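The structure file data-v6.cif is reproduced below (mmCIF, C-alpha atoms and all ligand atoms).
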data_coords
loop_
_atom_site.label_atom_id
_atom_site.label_comp_id
_atom_site.auth_asym_id
_atom_site.auth_seq_id
_atom_site.Cartn_x
_atom_site.Cartn_y
_atom_site.Cartn_z
CA SER A 1 27.80 -18.64 59.46
CA HIS A 2 31.08 -20.30 58.40
CA LEU A 3 30.74 -18.93 54.86
CA HIS A 4 30.99 -15.26 55.84
CA ASP A 5 34.79 -15.12 55.28
CA PHE A 6 34.33 -16.85 51.93
CA LEU A 7 31.63 -14.32 50.99
CA THR A 8 33.88 -11.39 51.97
CA GLY A 9 36.58 -12.65 49.60
CA LEU A 10 34.22 -13.57 46.77
CA PRO A 11 34.67 -10.99 43.98
CA LYS A 12 31.34 -9.16 43.74
CA CYS A 13 29.60 -6.90 41.23
CA GLU A 14 26.98 -4.47 42.48
CA HIS A 15 24.25 -3.35 40.05
CA HIS A 16 21.62 -1.86 42.30
CA VAL A 17 22.67 0.88 44.67
CA HIS A 18 21.37 4.46 44.70
CA LEU A 19 24.21 6.87 45.53
CA GLU A 20 21.70 9.15 47.27
CA GLY A 21 20.71 6.07 49.27
CA CYS A 22 24.21 6.10 50.80
CA LEU A 23 23.51 9.37 52.63
CA THR A 24 23.66 8.59 56.37
CA PRO A 25 21.65 10.51 59.00
CA LYS A 26 24.94 11.90 60.33
CA LEU A 27 25.91 13.29 56.91
CA ILE A 28 22.37 14.66 56.35
CA PHE A 29 22.65 16.74 59.53
CA GLU A 30 26.25 17.83 58.77
CA LEU A 31 25.45 18.91 55.21
CA ALA A 32 22.20 20.62 56.27
CA ASP A 33 24.28 22.65 58.71
CA ARG A 34 27.12 23.41 56.28
CA ASN A 35 24.79 24.27 53.37
CA SER A 36 22.15 26.09 55.47
CA ILE A 37 19.37 23.74 54.37
CA LYS A 38 16.33 23.54 56.62
CA LEU A 39 15.38 19.97 57.47
CA PRO A 40 11.73 19.34 58.45
CA ASP A 41 10.78 20.86 61.81
CA PRO A 42 10.96 18.16 64.51
CA LYS A 43 7.59 19.54 65.74
CA ASP A 44 6.09 18.27 62.47
CA ASN A 45 8.26 15.19 62.14
CA PRO A 46 10.04 14.16 65.37
CA ALA A 47 12.32 11.84 63.35
CA TYR A 48 14.32 14.96 62.41
CA SER A 49 15.23 15.76 66.05
CA SER A 50 18.71 14.24 65.71
CA PRO A 51 20.75 11.86 63.54
CA GLU A 52 20.01 9.16 66.12
CA SER A 53 16.24 9.63 66.02
CA LEU A 54 16.34 9.67 62.22
CA ALA A 55 18.33 6.41 62.17
CA GLU A 56 15.82 4.90 64.59
CA ARG A 57 12.91 5.91 62.33
CA TYR A 58 14.61 4.16 59.39
CA GLY A 59 14.03 0.90 61.24
CA HIS A 60 10.25 1.29 60.84
CA PHE A 61 9.42 2.01 57.19
CA SER A 62 5.89 0.87 56.38
CA ASN A 63 6.31 0.59 52.59
CA LEU A 64 8.19 1.97 49.57
CA ASP A 65 6.51 5.40 49.59
CA ASP A 66 7.11 5.87 53.34
CA PHE A 67 10.83 5.29 52.69
CA LEU A 68 10.85 7.51 49.60
CA GLY A 69 9.63 10.51 51.65
CA PHE A 70 12.78 10.28 53.82
CA TYR A 71 15.00 9.48 50.84
CA PHE A 72 13.97 12.58 48.85
CA THR A 73 14.10 14.85 51.94
CA GLY A 74 17.57 13.50 52.76
CA MET A 75 19.05 14.29 49.38
CA SER A 76 17.93 17.95 49.60
CA VAL A 77 21.13 18.74 51.58
CA LEU A 78 23.39 17.98 48.58
CA ILE A 79 24.46 21.24 46.91
CA SER A 80 28.03 21.38 45.60
CA ALA A 81 29.91 19.00 43.31
CA SER A 82 32.11 18.09 46.28
CA ASP A 83 29.01 17.07 48.31
CA PHE A 84 28.14 14.60 45.54
CA GLU A 85 31.75 13.44 45.23
CA ASP A 86 32.18 12.89 48.98
CA LEU A 87 28.94 10.92 49.16
CA ALA A 88 29.91 8.60 46.30
CA TRP A 89 33.45 8.23 47.61
CA GLU A 90 32.12 7.00 50.97
CA TYR A 91 30.14 4.37 49.06
CA PHE A 92 33.11 3.23 46.95
CA LYS A 93 35.32 2.86 50.02
CA GLN A 94 32.76 0.62 51.69
CA ALA A 95 32.11 -1.32 48.49
CA ASN A 96 35.84 -1.95 48.12
CA ALA A 97 36.00 -3.21 51.72
CA ASP A 98 33.03 -5.50 50.95
CA GLY A 99 34.86 -7.09 48.01
CA VAL A 100 33.13 -5.25 45.14
CA HIS A 101 35.24 -5.26 41.95
CA HIS A 102 32.66 -3.70 39.66
CA ALA A 103 29.87 -1.26 40.58
CA GLU A 104 27.02 0.14 38.48
CA VAL A 105 25.43 2.90 40.52
CA PHE A 106 22.20 4.87 40.19
CA PHE A 107 21.76 8.59 40.67
CA ASP A 108 18.62 10.78 40.52
CA PRO A 109 19.50 13.99 38.60
CA GLN A 110 15.85 14.81 37.90
CA VAL A 111 15.23 15.39 41.61
CA HIS A 112 18.35 17.57 41.99
CA VAL A 113 17.61 19.61 38.85
CA ASN A 114 14.06 20.23 40.13
CA ARG A 115 15.46 21.88 43.26
CA GLY A 116 17.82 24.09 41.29
CA ILE A 117 21.06 22.08 41.19
CA ALA A 118 22.71 22.01 37.76
CA TYR A 119 22.77 18.60 36.05
CA GLU A 120 26.52 19.10 35.41
CA THR A 121 27.23 19.69 39.12
CA VAL A 122 25.69 16.33 40.00
CA VAL A 123 27.53 14.39 37.30
CA ASP A 124 30.84 16.22 37.88
CA GLY A 125 30.80 15.21 41.55
CA PHE A 126 29.70 11.62 41.09
CA SER A 127 31.99 10.96 38.12
CA ALA A 128 35.01 12.34 40.02
CA ALA A 129 34.40 9.71 42.71
CA CYS A 130 34.03 7.00 40.03
CA GLN A 131 37.40 7.95 38.54
CA ARG A 132 39.01 7.90 41.96
CA ALA A 133 37.59 4.41 42.69
CA GLU A 134 38.94 3.15 39.37
CA LYS A 135 42.38 4.61 40.08
CA GLU A 136 42.75 3.76 43.79
CA PHE A 137 40.88 0.43 43.93
CA GLY A 138 41.09 -0.88 40.35
CA MET A 139 37.29 -1.07 40.56
CA THR A 140 35.32 -0.62 37.33
CA THR A 141 32.31 1.68 37.69
CA LYS A 142 29.31 2.79 35.63
CA LEU A 143 26.87 5.62 36.36
CA ILE A 144 23.20 4.92 35.62
CA LEU A 145 20.93 7.95 35.22
CA CYS A 146 17.73 7.07 37.04
CA PHE A 147 14.44 8.76 36.15
CA VAL A 148 11.76 8.96 38.84
CA LYS A 149 8.15 8.01 38.37
CA HIS A 150 6.55 10.38 40.91
CA LEU A 151 7.50 13.58 38.99
CA PRO A 152 6.01 14.77 35.68
CA VAL A 153 7.37 12.94 32.66
CA ASP A 154 8.17 16.32 31.03
CA ASP A 155 10.83 16.88 33.72
CA ALA A 156 12.39 13.56 32.74
CA HIS A 157 12.41 14.57 29.07
CA ARG A 158 14.19 17.83 29.95
CA VAL A 159 16.88 16.03 31.94
CA TYR A 160 17.24 13.38 29.22
CA ASN A 161 17.84 16.12 26.62
CA GLN A 162 20.37 17.80 28.91
CA ALA A 163 22.16 14.49 29.34
CA LEU A 164 22.26 13.97 25.57
CA GLU A 165 23.54 17.52 24.98
CA SER A 166 26.25 17.12 27.62
CA GLY A 167 27.86 14.33 25.56
CA HIS A 168 28.16 12.20 28.74
CA PHE A 169 26.74 9.07 27.10
CA GLU A 170 29.12 9.19 24.13
CA ALA A 171 32.02 9.94 26.47
CA GLY A 172 31.12 6.96 28.67
CA ILE A 173 30.75 9.27 31.70
CA VAL A 174 27.13 8.13 32.07
CA HIS A 175 26.56 4.62 30.84
CA GLY A 176 22.92 3.66 31.23
CA ILE A 177 19.39 4.71 32.07
CA GLY A 178 17.10 3.37 34.77
CA CYS A 179 13.89 4.38 36.49
CA SER A 180 12.67 4.09 40.07
CA SER A 181 10.63 5.72 42.85
CA SER A 182 6.90 4.94 43.45
CA GLU A 183 6.00 1.84 41.46
CA VAL A 184 2.24 1.33 41.73
CA GLY A 185 0.27 4.35 40.52
CA PRO A 186 2.20 6.08 37.72
CA PRO A 187 1.77 4.65 34.19
CA LYS A 188 3.87 1.50 33.74
CA ASP A 189 5.28 2.74 30.42
CA MET A 190 5.73 6.44 31.23
CA PHE A 191 9.34 6.42 29.97
CA ARG A 192 8.57 4.65 26.68
CA GLU A 193 9.81 7.56 24.52
CA ILE A 194 13.02 8.00 26.49
CA TYR A 195 13.78 4.26 26.45
CA SER A 196 13.06 4.02 22.74
CA SER A 197 15.34 6.98 21.95
CA ALA A 198 18.09 5.71 24.28
CA LYS A 199 17.92 2.21 22.78
CA SER A 200 18.47 3.66 19.29
CA LYS A 201 21.62 5.36 20.61
CA GLY A 202 23.00 2.16 22.16
CA ILE A 203 22.53 3.38 25.75
CA GLN A 204 22.05 0.50 28.23
CA LEU A 205 18.62 0.23 29.83
CA THR A 206 17.31 -1.09 33.12
CA ALA A 207 14.16 -0.40 35.18
CA HIS A 208 12.83 -0.98 38.68
CA ALA A 209 9.85 -3.36 38.43
CA GLY A 210 8.21 -6.11 40.44
CA GLU A 211 9.29 -4.64 43.79
CA GLU A 212 5.82 -3.72 45.05
CA GLY A 213 4.08 -4.05 41.68
CA ASP A 214 2.81 -7.32 40.21
CA PRO A 215 4.56 -9.10 37.28
CA SER A 216 2.76 -6.95 34.69
CA TYR A 217 5.14 -4.13 35.74
CA ILE A 218 8.05 -6.42 34.80
CA SER A 219 6.59 -7.26 31.37
CA ALA A 220 5.89 -3.55 30.74
CA ALA A 221 9.54 -2.71 31.58
CA LEU A 222 10.80 -5.41 29.19
CA GLU A 223 8.38 -4.27 26.52
CA ILE A 224 9.77 -0.71 26.51
CA GLY A 225 13.29 -2.11 26.10
CA SER A 226 14.72 -2.70 29.57
CA GLN A 227 17.58 -5.23 29.41
CA ARG A 228 17.60 -5.95 33.14
CA ILE A 229 15.02 -5.76 35.92
CA ASP A 230 15.82 -4.01 39.20
CA HIS A 231 14.28 -6.02 42.05
CA GLY A 232 11.96 -8.25 40.00
CA ARG A 233 11.15 -10.15 43.17
CA ARG A 234 7.53 -10.71 42.09
CA LEU A 235 8.58 -12.47 38.86
CA ILE A 236 7.97 -15.66 40.85
CA GLU A 237 4.21 -15.05 40.47
CA ASP A 238 4.20 -15.48 36.67
CA GLN A 239 5.63 -18.81 35.48
CA GLN A 240 5.39 -17.95 31.79
CA LEU A 241 7.19 -14.65 32.22
CA LEU A 242 9.78 -16.40 34.41
CA GLU A 243 10.50 -18.86 31.59
CA TYR A 244 10.91 -15.95 29.17
CA VAL A 245 13.35 -14.21 31.54
CA VAL A 246 15.38 -17.44 31.85
CA LYS A 247 15.43 -17.99 28.07
CA GLU A 248 16.45 -14.38 27.33
CA GLU A 249 19.06 -14.40 30.15
CA ILE A 250 17.61 -11.23 31.67
CA MET A 251 19.26 -10.47 35.00
CA LEU A 252 17.31 -9.42 38.10
CA THR A 253 19.12 -7.15 40.56
CA LEU A 254 17.67 -8.43 43.84
CA CYS A 255 17.90 -6.43 47.08
CA PRO A 256 16.86 -8.82 49.86
CA VAL A 257 17.44 -6.59 52.91
CA SER A 258 15.59 -3.73 51.17
CA ASN A 259 12.61 -6.03 50.56
CA VAL A 260 12.41 -6.81 54.28
CA ARG A 261 12.89 -3.17 55.37
CA LEU A 262 10.15 -1.95 52.98
CA ARG A 263 7.86 -4.78 54.05
CA GLY A 264 7.56 -6.47 50.66
CA VAL A 265 8.39 -9.64 52.58
CA GLU A 266 8.44 -10.42 56.29
CA LYS A 267 11.83 -12.09 56.22
CA ILE A 268 14.70 -12.88 53.83
CA GLU A 269 13.49 -16.49 53.59
CA GLU A 270 10.47 -15.20 51.61
CA VAL A 271 12.62 -13.70 48.84
CA PRO A 272 12.39 -16.40 46.11
CA ILE A 273 16.18 -16.97 45.95
CA ARG A 274 15.86 -20.76 46.10
CA GLN A 275 13.22 -20.91 43.35
CA PHE A 276 15.16 -18.48 41.13
CA LEU A 277 18.36 -20.55 41.54
CA ASP A 278 16.57 -23.81 40.75
CA ALA A 279 14.78 -22.30 37.73
CA GLY A 280 18.00 -20.79 36.34
CA VAL A 281 16.93 -17.16 36.71
CA ARG A 282 20.03 -14.95 36.61
CA PHE A 283 20.26 -12.52 39.49
CA SER A 284 22.72 -10.43 41.47
CA ILE A 285 22.44 -9.50 45.15
CA ASN A 286 22.60 -5.82 46.00
CA SER A 287 22.17 -3.20 48.72
CA ASP A 288 19.72 -0.64 47.15
CA ASP A 289 19.91 2.16 49.78
CA PRO A 290 22.48 1.02 52.33
CA ALA A 291 22.29 4.09 54.61
CA TYR A 292 18.52 3.66 54.93
CA PHE A 293 18.32 -0.14 55.16
CA GLY A 294 21.26 -0.72 57.50
CA GLY A 295 23.60 -2.75 55.32
CA PHE A 296 25.93 -2.68 52.34
CA ILE A 297 26.30 -5.47 49.78
CA LEU A 298 28.23 -7.91 51.98
CA SER A 299 25.55 -7.87 54.67
CA ASN A 300 23.01 -8.71 51.93
CA TYR A 301 25.16 -11.68 50.86
CA CYS A 302 25.48 -12.79 54.50
CA ALA A 303 21.75 -12.38 55.18
CA VAL A 304 20.99 -14.59 52.15
CA GLU A 305 23.51 -17.18 53.34
CA ASP A 306 22.03 -17.19 56.84
CA ALA A 307 18.51 -17.61 55.43
CA PHE A 308 19.19 -20.20 52.72
CA GLY A 309 22.47 -21.94 53.59
CA LEU A 310 23.61 -21.99 49.96
CA SER A 311 26.54 -24.15 48.83
CA ILE A 312 29.89 -22.74 47.67
CA GLN A 313 28.97 -23.87 44.16
CA GLU A 314 25.69 -21.93 44.32
CA TRP A 315 27.54 -18.83 45.50
CA ARG A 316 29.99 -19.20 42.60
CA THR A 317 27.03 -19.39 40.22
CA ILE A 318 25.55 -16.19 41.70
CA ALA A 319 28.92 -14.40 41.40
CA GLU A 320 29.40 -15.63 37.81
CA ASN A 321 25.90 -14.59 36.77
CA SER A 322 26.48 -11.15 38.24
CA VAL A 323 29.61 -10.79 36.10
CA ARG A 324 27.74 -11.98 32.99
CA GLY A 325 24.93 -9.50 33.60
CA SER A 326 27.33 -6.55 34.01
CA TRP A 327 27.60 -3.81 31.39
CA ILE A 328 31.29 -4.40 30.70
CA HIS A 329 33.35 -5.71 27.79
CA GLU A 330 34.12 -9.43 27.42
CA GLU A 331 37.75 -8.76 28.38
CA ARG A 332 36.80 -7.28 31.75
CA LYS A 333 34.28 -10.09 32.32
CA LEU A 334 37.06 -12.66 31.87
CA GLU A 335 39.17 -10.82 34.47
CA LEU A 336 36.29 -10.95 36.94
CA LEU A 337 35.29 -14.59 36.39
N1 LIG A 401 12.63 1.43 44.91
C1 LIG A 401 12.18 2.45 44.17
N2 LIG A 401 12.79 3.61 44.14
C2 LIG A 401 13.90 3.78 44.84
C3 LIG A 401 14.42 2.78 45.60
C4 LIG A 401 13.74 1.54 45.63
O1 LIG A 401 14.14 0.58 46.29
N3 LIG A 401 15.53 3.27 46.19
C5 LIG A 401 15.69 4.53 45.77
N4 LIG A 401 14.69 4.86 44.94
ZN ZN A 402 16.37 0.65 43.97
#
Can you dump the structure from the file as structure tokens?
Ligand code: HPA
Ligand code: ZN
Amino acid sequence: SHLHDFLTGLPKCEHHVHLEGCLTPKLIFELADRNSIKLPDPKDNPAYSSPESLAERYGHFSNLDDFLGFYFTGMSVLISASDFEDLAWEYFKQANADGVHHAEVFFDPQVHVNRGIAYETVVDGFSAACQRAEKEFGMTTKLILCFVKHLPVDDAHRVYNQALESGHFEAGIVHGIGCSSSEVGPPKDMFREIYSSAKSKGIQLTAHAGEEGDPSYISAALEIGSQRIDHGRRLIEDQQLLEYVVKEEIMLTLCPVSNVRLRGVEKIEEVPIRQFLDAGVRFSINSDDPAYFGGFILSNYCAVEDAFGLSIQEWRTIAENSVRGSWIHEERKLELL
């Protein structure tokens, strides 16, 4: 539509993108080759015949867990710090081209540590790319350590202790904590101890909730101390909780294209953007796993515009709310507003 040029130029903040979700089929095959990692046998899973067949398969996810199988297999090709750095750098270049001025990005160290990669290797690579984005693009960046709900909680505790011992939080190298992966099934409050400890240390907290799970997953996340809600699409089903979220100015990090690709909704029009805007729910619009869902942040903005035909004023409100919900100092917020 006619607003696409305006949306390209609109200064954006991204708060919900998984760096491992930026791994393209092409890069998966290249890194598997370079690092001698065996991908699944195409006889067992024909999607792994070629980068093209893998990309084609990504167009047919049946739900969150179907996607997660490919996502966790994909990231098994990442070995060296430079693999992690190159991956994140590809994201930052695209984000810069999409008009992102500030990016808070998730990474899944628990999964890498479990397959024998050192926690430090992961953070060294990702943080090198963050520094380069700050220097070359003037972008501000924050790394968010994301725990996963499908692995034993003891693994999360081990990685959390490693992260504390590394001094990364105090040094501002890792800024916040999140949690993701399978939503319905694992206990809603499985990271209660970690969140409570992190809160006492002033570490910022967010959590995936209300993507596939009902609004009780959102209230559980808030109850253990989450300051934001990643996705939170299903907040629309609980009016009382919605009013609380508005009053407390809790930001949702919506990912509309992801919701369609993982079949939470049939089309973008079903994401409750209009209701959230009218009710004064703060939200940002984000890409989630761009290499798997076929679009970076700008294509999410454009898909929302095509579905809802928002006004320029409404877009300015969305952009402003995404600055206000960012984990940055007042001074930087004023620069971005
Ligand atoms: N939901 C849950 N876990 C995830 C996602 C998601 O969209 N992307 C990467 N891990
Ligand atoms: Zn996500």
Give the residue list for ligand ZN 402 (chain A) at 9 Å, counting only C-alpha atoms and all ligand atoms, as a PyMOL selection string, sorted by chain and then by residue number. chain A and resi 16-18+21+106+179-181+208+211+230-231+253+255+258+287-289
Those same residues - C-alpha atoms - I'd like them written as an mmCIF file, keeping the file's coordinate frame.
data_model
loop_
_atom_site.group_PDB
_atom_site.id
_atom_site.type_symbol
_atom_site.label_atom_id
_atom_site.label_comp_id
_atom_site.auth_asym_id
_atom_site.auth_seq_id
_atom_site.Cartn_x
_atom_site.Cartn_y
_atom_site.Cartn_z
ATOM 1 C CA HIS A 16 21.620 -1.860 42.300
ATOM 2 C CA VAL A 17 22.670 0.880 44.670
ATOM 3 C CA HIS A 18 21.370 4.460 44.700
ATOM 4 C CA GLY A 21 20.710 6.070 49.270
ATOM 5 C CA PHE A 106 22.200 4.870 40.190
ATOM 6 C CA CYS A 179 13.890 4.380 36.490
ATOM 7 C CA SER A 180 12.670 4.090 40.070
ATOM 8 C CA SER A 181 10.630 5.720 42.850
ATOM 9 C CA HIS A 208 12.830 -0.980 38.680
ATOM 10 C CA GLU A 211 9.290 -4.640 43.790
ATOM 11 C CA ASP A 230 15.820 -4.010 39.200
ATOM 12 C CA HIS A 231 14.280 -6.020 42.050
ATOM 13 C CA THR A 253 19.120 -7.150 40.560
ATOM 14 C CA CYS A 255 17.900 -6.430 47.080
ATOM 15 C CA SER A 258 15.590 -3.730 51.170
ATOM 16 C CA SER A 287 22.170 -3.200 48.720
ATOM 17 C CA ASP A 288 19.720 -0.640 47.150
ATOM 18 C CA ASP A 289 19.910 2.160 49.780
#
Which residue, A:His168, A:His329, A:His15, A:Arg57, has the smallest gap to Ala207 (chain A) when you use all atoms listed in the file?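 Using all atoms listed in the file, the shortest distance to Ala207 (chain A) belongs to A:His15.
Every protein or nucleic acid residue with an atom no more than 12 Å from Val245 (chain A), counting all atoms listed in the file and leaving out same-chain residues fewer than 6 positions away, appears here: Pro215, Ile218, Ser219, Leu222, Ser226, Gln227, Arg228, Ile229, Gly232, Leu235, Ile236, Asp238, Gln239, Met251, Leu252, Phe276, Ala279, Gly280, Val281, Arg282 and Phe283 of chain A.
The space between CA of Leu241 (chain A) and CA of Gly213 (chain A) spans 14.5 Å.
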Point out the residue among A:Cys146, A:Ile177, A:Leu254, A:Glu120 with the least atom-to-atom distance to Gly202 (chain A), counting all atoms listed in the file.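 Using all atoms listed in the file, Gly202 (chain A) sits closest to A:Ile177.
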Go through A:Pro11, A:Pro256, A:Pro152, A:Gly185 and flag the residue nearest Val111 (chain A), using all atoms listed in the file for the distances. A:Pro152
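Going from CA of Lys267 (chain A) over to CA of Ala307 (chain A), you cover 8.7 Å.
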Between A:Asp108, A:Asp189, A:Glu20, A:Asp83, which is the closest to Ala32 (chain A) once you count only C-alpha atoms?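 Using only C-alpha atoms, Ala32 (chain A) sits closest to A:Asp83.
Between CA of Ser311 (chain A) and CA of Ala95 (chain A) the separation is 23.5 Å.
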Need the shell around Gly59 (chain A): protein/DNA/RNA residues with any atom at most 10 Å away, counting only C-alpha atoms. Skip same-chain ones fewer than 5 positions apart. Format as a ChimeraX atom specification? /A:54,261-262,292-294
Nearest-residue call for Ala88 (chain A), choices A:Thr141, A:Ser36, A:Asn45, A:Asn63, using all atoms listed in the file: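 Using all atoms listed in the file, the shortest distance to Ala88 (chain A) belongs to A:Thr141.
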Residue neighbourhood Tyr48 (chain A), 12 Å, only C-alpha atoms, exclusion window fewer than 3 positions, as a PDB file with C-alpha atoms, keeping the file's coordinate frame:
ATOM      1  CA  PRO A  25      21.650  10.510  59.000  1.00  0.00           C
ATOM      2  CA  LYS A  26      24.940  11.900  60.330  1.00  0.00           C
ATOM      3  CA  ILE A  28      22.370  14.660  56.350  1.00  0.00           C
ATOM      4  CA  PHE A  29      22.650  16.740  59.530  1.00  0.00           C
ATOM      5  CA  ALA A  32      22.200  20.620  56.270  1.00  0.00           C
ATOM      6  CA  LYS A  38      16.330  23.540  56.620  1.00  0.00           C
ATOM      7  CA  LEU A  39      15.380  19.970  57.470  1.00  0.00           C
ATOM      8  CA  PRO A  40      11.730  19.340  58.450  1.00  0.00           C
ATOM      9  CA  ASP A  41      10.780  20.860  61.810  1.00  0.00           C
ATOM     10  CA  PRO A  42      10.960  18.160  64.510  1.00  0.00           C
ATOM     11  CA  LYS A  43       7.590  19.540  65.740  1.00  0.00           C
ATOM     12  CA  ASP A  44       6.090  18.270  62.470  1.00  0.00           C
ATOM     13  CA  ASN A  45       8.260  15.190  62.140  1.00  0.00           C
ATOM     14  CA  PRO A  51      20.750  11.860  63.540  1.00  0.00           C
ATOM     15  CA  GLU A  52      20.010   9.160  66.120  1.00  0.00           C
ATOM     16  CA  SER A  53      16.240   9.630  66.020  1.00  0.00           C
ATOM     17  CA  LEU A  54      16.340   9.670  62.220  1.00  0.00           C
ATOM     18  CA  ALA A  55      18.330   6.410  62.170  1.00  0.00           C
ATOM     19  CA  GLU A  56      15.820   4.900  64.590  1.00  0.00           C
ATOM     20  CA  ARG A  57      12.910   5.910  62.330  1.00  0.00           C
ATOM     21  CA  TYR A  58      14.610   4.160  59.390  1.00  0.00           C
ATOM     22  CA  PHE A  70      12.780  10.280  53.820  1.00  0.00           C
ATOM     23  CA  THR A  73      14.100  14.850  51.940  1.00  0.00           C
ATOM     24  CA  GLY A  74      17.570  13.500  52.760  1.00  0.00           C
TER      25      GLY A  74
END
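Comparing A:Ile268, A:Ala156, A:Val184, A:Met190 by their smallest distance to ligand LIG 401 (chain A), the closest is A:Val184 (using all atoms listed in the file).
Summary of the local environment: counting only C-alpha atoms, residues at most 10 Å from Phe92 (chain A), other than itself and those fewer than 3 positions away along its chain, are Leu19, Asp86, Leu87, Ala88, Trp89, Ala95, Asn96, Ala97, Asp98, Val100, Ala103, Ala129, Cys130, Arg132, Ala133, Glu134, Phe137, Met139 and Thr141 of chain A.
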Extending 3 Å beyond the listed atoms of region 252-260 of chain A on each side, what axis-aligned box results? I want centre and edge lengths in Å to one decimal, as JSON.
{"center_x": 15.8, "center_y": -6.6, "center_z": 46.2, "size_x": 12.7, "size_y": 11.7, "size_z": 22.2}
Applying 10 Å and all atoms listed in the file, which residues near Ser299 (chain A) remain after dropping the ones on its own chain fewer than 3 positions away? List them as a VMD selection string. chain A and resid 4 7 to 8 98 256 to 257 286 to 287 290 294 to 296 302 to 305
